[in-house]
Amino acid sequence: MTPFKLTDELLEEIRELIAENKDAELQLMMKEFHYADIAEIADEMEVEEATYLIKLLDSEKTSDILAEMHEDIREAVLKNLTAKEIAGELSELDTDDAADIINELPKELVQEVISEIEDREHAKDIVDLLRYEEDSAGGLMAKELVKVNENWTVTNCVKEMRAQAENVTRVHSIYVVDDEGKLKGRLSLKDLLTASTKSHIKDIYIPKVDSVNVNEKGEEVAKIMSKYDLEAIPVIDEIGRLVGRITIDDIVDVIREEADKDYQMAAGISQDVEVNDSIWILTRARLPWLILGLLGGLSAAAIMGTFEDMISKHAVLFFFTPLIAAMAGNVGVQSSAIVVQGLANDDLKGSVSTHLLKEMLLALLNGFILAMLLLLFTWIWKGSFATALAISLSLVVVIVVAGLIGTFIPMFLHKRNIDPAIATGPFITTSNDIFGILIYFWIAKMILGI
């Protein structure tokens with residue numbers, strides 16, 4: 001299958017068909033595309049054009065298109081649809097995707113849309129999902145699954161499974177429950193096919209099954225599914241009843257969103273933003289960290305001011321100030337990035353002191369190599385061994401301190417249940433700039449005897 005690529009020519013052709021109301025040709029063209037590709041096309045269109053496309057195509061396909069569209073475009077398109085039309089789209093979606101779209105609707109429209117859904121059981125399941133936090137297992141799960149009672153015979157089990165499977169897009173697992181609906185285990189399709197038709201499910205099911213509570217955070221669910229290579233995981237309530245399942249496609253979205261959030265935080269953006277957001281939203285997201293950077297710069301300038309006499313006598317020290325500050329910031333960000341990644345993946349083992357010792361030894365090795373190169377360069381350039389030694393020794397100490405700060409701060413925040421991603425980027429860079437400048441001039445003052 002050739003990967004889809006949206007070109008300007010294709011987009012213009014589709015727009016012309018819409019403008020000329022050539023519905024038959026447009027429908028024929030859209031049959032050739034996957035719903036995700038059509039969603040990509042719709043994202044590049046004007047709202048009126050995207051709405052035209054959604055209204056033209058069959059709901060069985062447009063429901064999936066809506067689910068794949070960019071949130072802002074989908075929200076605008078939904079405003080152009082009636083409550084009955086929206087209900088028709090939601091009826092074709094799995095409950096988790098339907099609940100996500102319902103959450104984007106204005107509050108005054110939600111009840112009207114739900115009342116228009118003809119399948120009342122489907123509507124009830126959607127409403128049930130709305131009561132969970134969006135980033136919890138309950139908010140991520142879908143109600144569609146295949147479950148069997150442990151007291152059923154194989155014959156009865158197969159009959160019930162056929163009826164349930166009609167509403168499930170993909171059957172990842174068959175879950176076993178007791179008479180109270182509590183999760184007991186899972187059923188192997190192989191065991192089901194090879195067992196006697198008169199056998200009871202309780203005699204052939206596998207009692208071991210991984211599950212998560214409805215209130216579990218999405219990030220924790222992602223870690224569990226990643227660790228055990230699960231395509232789906234059942235969700236249970238507080239008393240162990242099976243209430244839904246989470247599939248891998250939903251977890252991929254969670255992982256991507258978490259990675260985007262951490263990347264933005266590390267880059268000094270304090271809230272979730274996108275490139276198409278307004279200037280005001282982007283300013284509010286960036287300004288807090290920029291203010292922190294400004295304060296850090298002012299602090300560094302104030303520190304340099306206290307060594308004004310020394311700088312006037314040894315002007316060469318001033319020229320190496322940006323290098324010292326840059327190395328402190330770079331080493332700090334490198335160290336913190338590794339720690340944050342390890343914490344996110346649950347790969348960070350051992351005590352804080354162990355990691356600090358390892359980072360100190362690593363920083364000493366890197367610092368020594370870099371300092372030797374800097375010593376030779378400065379000595380040859382300026383001809384003063386004392387000055388070269390002061391700058392080089394400062395570099396070693398600054399690198400060690402920056403590495404320790406970059407390692408300790410994320411681990412400290414993690415212990416306090418604070419997202420360690422906030423420690424990277426501007427926070428670490430600014431703090432290390434200040435300490436780096438202070439250490440640099442203090443060591444230079446000691447060695448040069450000023």
# chains A, B, ... in the order shown; residues from 1 in each chain; ligands from 1
>>> select_by_dssp(residues="range 7-217 of chain A", states="alpha helix (DSSP H)", output="ChimeraX atom specification")
/A:8-19,23-30,35-43,47-56,59-68,71-78,83-91,95-104,107-116,120-130,137-140,154-165,189-194
>>> closest_atom_pairs(of="range 334-380 of chain A", to="range 385-397 of chain A", cutoff="10 Å", atoms="only C-alpha atoms", output="CSV")
residue,atom,partner,partner_atom,distance
A:Ala363,CA,A:Val396,CA,7.8
A:Leu364,CA,A:Val396,CA,6.6
A:Leu365,CA,A:Val396,CA,8.9
A:Asn366,CA,A:Val396,CA,8.2
A:Gly367,CA,A:Val396,CA,4.5
A:Phe368,CA,A:Val396,CA,6.1
A:Ile369,CA,A:Val396,CA,9.0
A:Leu370,CA,A:Val396,CA,7.9
A:Ala371,CA,A:Ser392,CA,4.7
A:Met372,CA,A:Ser392,CA,7.1
A:Leu373,CA,A:Ser392,CA,8.6
A:Leu374,CA,A:Ser392,CA,6.0
A:Leu375,CA,A:Ala388,CA,5.1
A:Leu376,CA,A:Ala388,CA,7.7
A:Phe377,CA,A:Ala388,CA,8.2
A:Thr378,CA,A:Ala388,CA,5.2
A:Trp379,CA,A:Ala388,CA,5.3
A:Ile380,CA,A:Phe385,CA,8.8
>>> residues_around(residues="Asp229 in chain A", least_positions_apart="5", cutoff="12 Å", atoms="only C-alpha atoms", output="mmCIF file with all heavy atoms, in the first residue's frame")
data_model
loop_
_atom_site.group_PDB
_atom_site.id
_atom_site.type_symbol
_atom_site.label_atom_id
_atom_site.label_comp_id
_atom_site.auth_asym_id
_atom_site.auth_seq_id
_atom_site.Cartn_x
_atom_site.Cartn_y
_atom_site.Cartn_z
ATOM 1 N N ASP A 210 -4.030 -9.227 33.381
ATOM 2 C CA ASP A 210 -3.660 -7.884 33.813
ATOM 3 C C ASP A 210 -4.855 -6.960 33.636
ATOM 4 O O ASP A 210 -5.574 -7.030 32.635
ATOM 5 C CB ASP A 210 -2.485 -7.359 32.974
ATOM 6 C CG ASP A 210 -1.226 -8.181 33.179
ATOM 7 O OD1 ASP A 210 -0.770 -8.268 34.330
ATOM 8 O OD2 ASP A 210 -0.710 -8.733 32.194
ATOM 9 N N VAL A 221 -1.311 3.510 32.809
ATOM 10 C CA VAL A 221 -1.861 2.474 31.917
ATOM 11 C C VAL A 221 -0.905 2.244 30.751
ATOM 12 O O VAL A 221 -0.636 1.101 30.359
ATOM 13 C CB VAL A 221 -3.252 2.885 31.390
ATOM 14 C CG1 VAL A 221 -3.783 1.822 30.424
ATOM 15 C CG2 VAL A 221 -4.232 3.086 32.534
ATOM 16 N N ALA A 222 -0.363 3.337 30.216
ATOM 17 C CA ALA A 222 0.577 3.232 29.102
ATOM 18 C C ALA A 222 1.819 2.441 29.501
ATOM 19 O O ALA A 222 2.319 1.611 28.725
ATOM 20 C CB ALA A 222 0.974 4.632 28.626
ATOM 21 N N LYS A 223 2.315 2.667 30.719
ATOM 22 C CA LYS A 223 3.499 1.942 31.189
ATOM 23 C C LYS A 223 3.218 0.445 31.306
ATOM 24 O O LYS A 223 4.048 -0.381 30.932
ATOM 25 C CB LYS A 223 3.944 2.505 32.542
ATOM 26 C CG LYS A 223 4.547 3.891 32.475
ATOM 27 C CD LYS A 223 4.902 4.399 33.869
ATOM 28 C CE LYS A 223 5.455 5.813 33.827
ATOM 29 N NZ LYS A 223 5.752 6.344 35.179
ATOM 30 N N ILE A 224 2.037 0.106 31.824
ATOM 31 C CA ILE A 224 1.677 -1.308 32.004
ATOM 32 C C ILE A 224 1.553 -1.998 30.649
ATOM 33 O O ILE A 224 2.098 -3.096 30.443
ATOM 34 C CB ILE A 224 0.359 -1.428 32.790
ATOM 35 C CG1 ILE A 224 0.547 -0.935 34.224
ATOM 36 C CG2 ILE A 224 -0.142 -2.881 32.793
ATOM 37 C CD1 ILE A 224 -0.743 -0.806 35.010
ATOM 38 N N THR A 247 -7.673 -0.022 24.387
ATOM 39 C CA THR A 247 -6.899 -0.628 23.298
ATOM 40 C C THR A 247 -5.645 0.197 23.011
ATOM 41 O O THR A 247 -5.529 1.354 23.409
ATOM 42 C CB THR A 247 -7.755 -0.740 22.025
ATOM 43 O OG1 THR A 247 -8.343 0.542 21.729
ATOM 44 C CG2 THR A 247 -8.868 -1.755 22.225
ATOM 45 N N ILE A 248 -4.732 -0.411 22.297
ATOM 46 C CA ILE A 248 -3.414 0.173 22.085
ATOM 47 C C ILE A 248 -3.482 1.497 21.340
ATOM 48 O O ILE A 248 -2.659 2.390 21.562
ATOM 49 C CB ILE A 248 -2.496 -0.828 21.333
ATOM 50 C CG1 ILE A 248 -1.048 -0.340 21.318
ATOM 51 C CG2 ILE A 248 -3.014 -1.086 19.948
ATOM 52 C CD1 ILE A 248 -0.404 -0.260 22.667
ATOM 53 N N ILE A 251 -3.828 4.283 23.755
ATOM 54 C CA ILE A 251 -2.610 4.479 24.540
ATOM 55 C C ILE A 251 -1.531 5.180 23.727
ATOM 56 O O ILE A 251 -0.758 5.981 24.257
ATOM 57 C CB ILE A 251 -2.104 3.117 25.078
ATOM 58 C CG1 ILE A 251 -3.031 2.652 26.187
ATOM 59 C CG2 ILE A 251 -0.680 3.220 25.588
ATOM 60 C CD1 ILE A 251 -3.191 3.626 27.332
#
>>> residues_around(residues="Glu71 in chain A", least_positions_apart="5", cutoff="10 Å", atoms="only C-alpha atoms", output="PyMOL selection string")
chain A and resi 43+66+76-77+101+104
>>> write_last_selection(atoms="all heavy atoms", output="PDB file, in the first residue's frame")
ATOM      1  N   ASP A  43      -8.773  18.575   7.297  1.00  0.00           N
ATOM      2  CA  ASP A  43      -8.029  19.497   8.160  1.00  0.00           C
ATOM      3  C   ASP A  43      -7.433  20.666   7.385  1.00  0.00           C
ATOM      4  O   ASP A  43      -7.175  21.732   7.960  1.00  0.00           O
ATOM      5  CB  ASP A  43      -6.903  18.748   8.892  1.00  0.00           C
ATOM      6  CG  ASP A  43      -7.421  17.880  10.027  1.00  0.00           C
ATOM      7  OD1 ASP A  43      -8.563  18.101  10.448  1.00  0.00           O
ATOM      8  OD2 ASP A  43      -6.683  16.983  10.472  1.00  0.00           O
ATOM      9  N   LEU A  66     -14.433  12.080  11.468  1.00  0.00           N
ATOM     10  CA  LEU A  66     -14.556  13.071  12.544  1.00  0.00           C
ATOM     11  C   LEU A  66     -13.627  12.745  13.714  1.00  0.00           C
ATOM     12  O   LEU A  66     -13.006  13.627  14.304  1.00  0.00           O
ATOM     13  CB  LEU A  66     -16.000  13.144  13.038  1.00  0.00           C
ATOM     14  CG  LEU A  66     -16.969  13.968  12.194  1.00  0.00           C
ATOM     15  CD1 LEU A  66     -18.404  13.743  12.658  1.00  0.00           C
ATOM     16  CD2 LEU A  66     -16.622  15.455  12.262  1.00  0.00           C
ATOM     17  N   ALA A  76     -15.305  23.112  14.865  1.00  0.00           N
ATOM     18  CA  ALA A  76     -15.946  24.061  13.953  1.00  0.00           C
ATOM     19  C   ALA A  76     -16.969  23.369  13.051  1.00  0.00           C
ATOM     20  O   ALA A  76     -18.047  23.910  12.792  1.00  0.00           O
ATOM     21  CB  ALA A  76     -14.880  24.765  13.109  1.00  0.00           C
ATOM     22  N   VAL A  77     -16.635  22.154  12.583  1.00  0.00           N
ATOM     23  CA  VAL A  77     -17.554  21.402  11.719  1.00  0.00           C
ATOM     24  C   VAL A  77     -18.814  20.999  12.489  1.00  0.00           C
ATOM     25  O   VAL A  77     -19.937  21.101  11.974  1.00  0.00           O
ATOM     26  CB  VAL A  77     -16.854  20.148  11.138  1.00  0.00           C
ATOM     27  CG1 VAL A  77     -17.872  19.213  10.482  1.00  0.00           C
ATOM     28  CG2 VAL A  77     -15.783  20.552  10.141  1.00  0.00           C
ATOM     29  N   ILE A 101     -15.873  13.116  21.631  1.00  0.00           N
ATOM     30  CA  ILE A 101     -16.514  14.154  20.812  1.00  0.00           C
ATOM     31  C   ILE A 101     -17.598  14.870  21.604  1.00  0.00           C
ATOM     32  O   ILE A 101     -17.734  16.096  21.528  1.00  0.00           O
ATOM     33  CB  ILE A 101     -17.087  13.533  19.516  1.00  0.00           C
ATOM     34  CG1 ILE A 101     -15.927  13.060  18.620  1.00  0.00           C
ATOM     35  CG2 ILE A 101     -17.968  14.534  18.769  1.00  0.00           C
ATOM     36  CD1 ILE A 101     -16.371  12.388  17.335  1.00  0.00           C
ATOM     37  N   GLU A 104     -16.462  17.718  23.638  1.00  0.00           N
ATOM     38  CA  GLU A 104     -16.083  18.936  22.925  1.00  0.00           C
ATOM     39  C   GLU A 104     -17.281  19.814  22.596  1.00  0.00           C
ATOM     40  O   GLU A 104     -17.115  20.958  22.170  1.00  0.00           O
ATOM     41  CB  GLU A 104     -15.347  18.573  21.625  1.00  0.00           C
ATOM     42  CG  GLU A 104     -14.032  17.832  21.855  1.00  0.00           C
ATOM     43  CD  GLU A 104     -13.425  17.328  20.563  1.00  0.00           C
ATOM     44  OE1 GLU A 104     -13.960  17.684  19.480  1.00  0.00           O
ATOM     45  OE2 GLU A 104     -12.439  16.588  20.613  1.00  0.00           O
TER      46      GLU A 104
END
>>> closest_atom_pairs(of="range 181-224 of chain A", to="range 118-136 of chain A", cutoff="6 Å", atoms="only C-alpha atoms", output="JSON lines")
{"residue": "A:Asn215", "atom": "CA", "partner": "A:Ser136", "partner_atom": "CA", "distance": 5.5}
{"residue": "A:Glu216", "atom": "CA", "partner": "A:Ser136", "partner_atom": "CA", "distance": 5.5}
{"residue": "A:Lys217", "atom": "CA", "partner": "A:Ser136", "partner_atom": "CA", "distance": 4.5}
{"residue": "A:Gly218", "atom": "CA", "partner": "A:Ser136", "partner_atom": "CA", "distance": 5.1}
>>> closest_residue(among="A:Ile102, A:Glu44, A:Ile54, A:Gly383", to="Asp23 in chain A", atoms="only C-alpha atoms")
A:Ile54
>>> residues_around(residues="Arg74 in chain A", least_positions_apart="4", cutoff="12 Å", atoms="only C-alpha atoms", output="compact mmCIF listing (two decimals) with N, CA, C and O atoms, in the first residue's frame")
# COMPACT_ATOMS: atom_id res chain seq x y z
N ALA A 39 -9.60 12.61 6.67
CA ALA A 39 -9.51 13.53 7.82
C ALA A 39 -8.36 14.52 7.60
O ALA A 39 -8.50 15.71 7.91
N GLU A 40 -7.26 14.05 7.05
CA GLU A 40 -6.13 14.93 6.75
C GLU A 40 -6.53 15.96 5.69
O GLU A 40 -6.15 17.14 5.79
N ALA A 42 -9.62 17.04 5.14
CA ALA A 42 -10.57 17.96 5.78
C ALA A 42 -9.86 18.98 6.65
O ALA A 42 -10.29 20.14 6.74
N ASP A 43 -8.77 18.57 7.30
CA ASP A 43 -8.03 19.50 8.16
C ASP A 43 -7.43 20.67 7.38
O ASP A 43 -7.18 21.73 7.96
N GLU A 44 -7.20 20.48 6.08
CA GLU A 44 -6.60 21.53 5.26
C GLU A 44 -7.64 22.37 4.55
O GLU A 44 -7.29 23.31 3.82
N MET A 45 -8.90 22.06 4.73
CA MET A 45 -9.98 22.77 4.04
C MET A 45 -10.56 23.89 4.91
O MET A 45 -10.32 23.95 6.12
N GLU A 46 -11.33 24.74 4.26
CA GLU A 46 -12.14 25.69 5.00
C GLU A 46 -13.24 24.92 5.73
O GLU A 46 -13.61 23.82 5.31
N VAL A 47 -13.75 25.48 6.80
CA VAL A 47 -14.76 24.80 7.61
C VAL A 47 -15.98 24.43 6.77
O VAL A 47 -16.52 23.32 6.89
N GLU A 48 -16.41 25.34 5.91
CA GLU A 48 -17.60 25.07 5.07
C GLU A 48 -17.35 23.90 4.13
O GLU A 48 -18.25 23.07 3.90
N ALA A 50 -15.14 21.40 4.62
CA ALA A 50 -15.06 20.17 5.42
C ALA A 50 -16.45 19.71 5.83
O ALA A 50 -16.75 18.51 5.82
N THR A 51 -17.32 20.66 6.17
CA THR A 51 -18.70 20.33 6.54
C THR A 51 -19.44 19.71 5.37
O THR A 51 -20.18 18.73 5.53
N ILE A 54 -18.38 16.11 5.03
CA ILE A 54 -18.94 15.26 6.08
C ILE A 54 -20.41 14.96 5.80
O ILE A 54 -20.88 13.82 5.98
N THR A 62 -17.89 8.76 7.78
CA THR A 62 -17.64 10.10 8.30
C THR A 62 -17.47 10.12 9.81
O THR A 62 -16.81 10.99 10.35
N SER A 63 -18.06 9.14 10.50
CA SER A 63 -17.87 9.08 11.95
C SER A 63 -16.40 8.86 12.28
O SER A 63 -15.84 9.50 13.18
N ASP A 64 -15.75 7.96 11.54
CA ASP A 64 -14.31 7.72 11.74
C ASP A 64 -13.49 8.93 11.30
O ASP A 64 -12.46 9.23 11.90
N ILE A 65 -13.95 9.60 10.25
CA ILE A 65 -13.25 10.81 9.78
C ILE A 65 -13.27 11.87 10.87
O ILE A 65 -12.25 12.48 11.18
N LEU A 66 -14.43 12.08 11.47
CA LEU A 66 -14.56 13.07 12.54
C LEU A 66 -13.63 12.75 13.71
O LEU A 66 -13.01 13.63 14.30
N ALA A 67 -13.56 11.47 14.05
CA ALA A 67 -12.72 11.04 15.18
C ALA A 67 -11.24 11.31 14.91
O ALA A 67 -10.47 11.55 15.85
N GLU A 68 -10.83 11.31 13.63
CA GLU A 68 -9.43 11.50 13.27
C GLU A 68 -9.07 12.95 13.00
O GLU A 68 -7.89 13.30 12.97
N MET A 69 -10.06 13.80 12.82
CA MET A 69 -9.80 15.20 12.47
C MET A 69 -9.15 15.96 13.62
O MET A 69 -9.28 15.58 14.78
N HIS A 70 -8.49 17.05 13.28
CA HIS A 70 -7.91 17.93 14.28
C HIS A 70 -9.04 18.51 15.13
O HIS A 70 -10.11 18.86 14.63
N LEU A 78 -18.64 20.56 13.72
CA LEU A 78 -19.79 20.13 14.53
C LEU A 78 -20.77 21.27 14.77
O LEU A 78 -21.98 21.04 14.92
N LYS A 79 -20.28 22.50 14.80
CA LYS A 79 -21.17 23.66 14.97
C LYS A 79 -22.10 23.83 13.77
O LYS A 79 -23.16 24.46 13.89
N ASN A 80 -21.70 23.26 12.63
CA ASN A 80 -22.52 23.36 11.42
C ASN A 80 -23.46 22.17 11.24
O ASN A 80 -24.16 22.08 10.23
N LEU A 81 -23.45 21.25 12.19
CA LEU A 81 -24.32 20.07 12.12
C LEU A 81 -25.44 20.19 13.16
O LEU A 81 -25.25 20.78 14.22
N ILE A 86 -25.28 15.03 14.41
CA ILE A 86 -24.18 14.65 15.30
C ILE A 86 -24.47 13.30 15.95
O ILE A 86 -23.60 12.43 16.04
N ASP A 100 -15.44 11.23 23.66
CA ASP A 100 -14.46 12.30 23.44
C ASP A 100 -15.08 13.45 22.65
O ASP A 100 -14.84 14.63 22.95
N ILE A 101 -15.87 13.12 21.63
CA ILE A 101 -16.51 14.15 20.81
C ILE A 101 -17.60 14.87 21.60
O ILE A 101 -17.73 16.10 21.53
N ILE A 102 -18.36 14.12 22.39
CA ILE A 102 -19.40 14.73 23.23
C ILE A 102 -18.78 15.77 24.17
O ILE A 102 -19.35 16.84 24.41
N GLU A 104 -16.46 17.72 23.64
CA GLU A 104 -16.08 18.94 22.92
C GLU A 104 -17.28 19.81 22.60
O GLU A 104 -17.12 20.96 22.17
N LEU A 105 -18.49 19.29 22.79
CA LEU A 105 -19.71 20.03 22.45
C LEU A 105 -20.06 21.04 23.54
O LEU A 105 -19.74 20.82 24.71
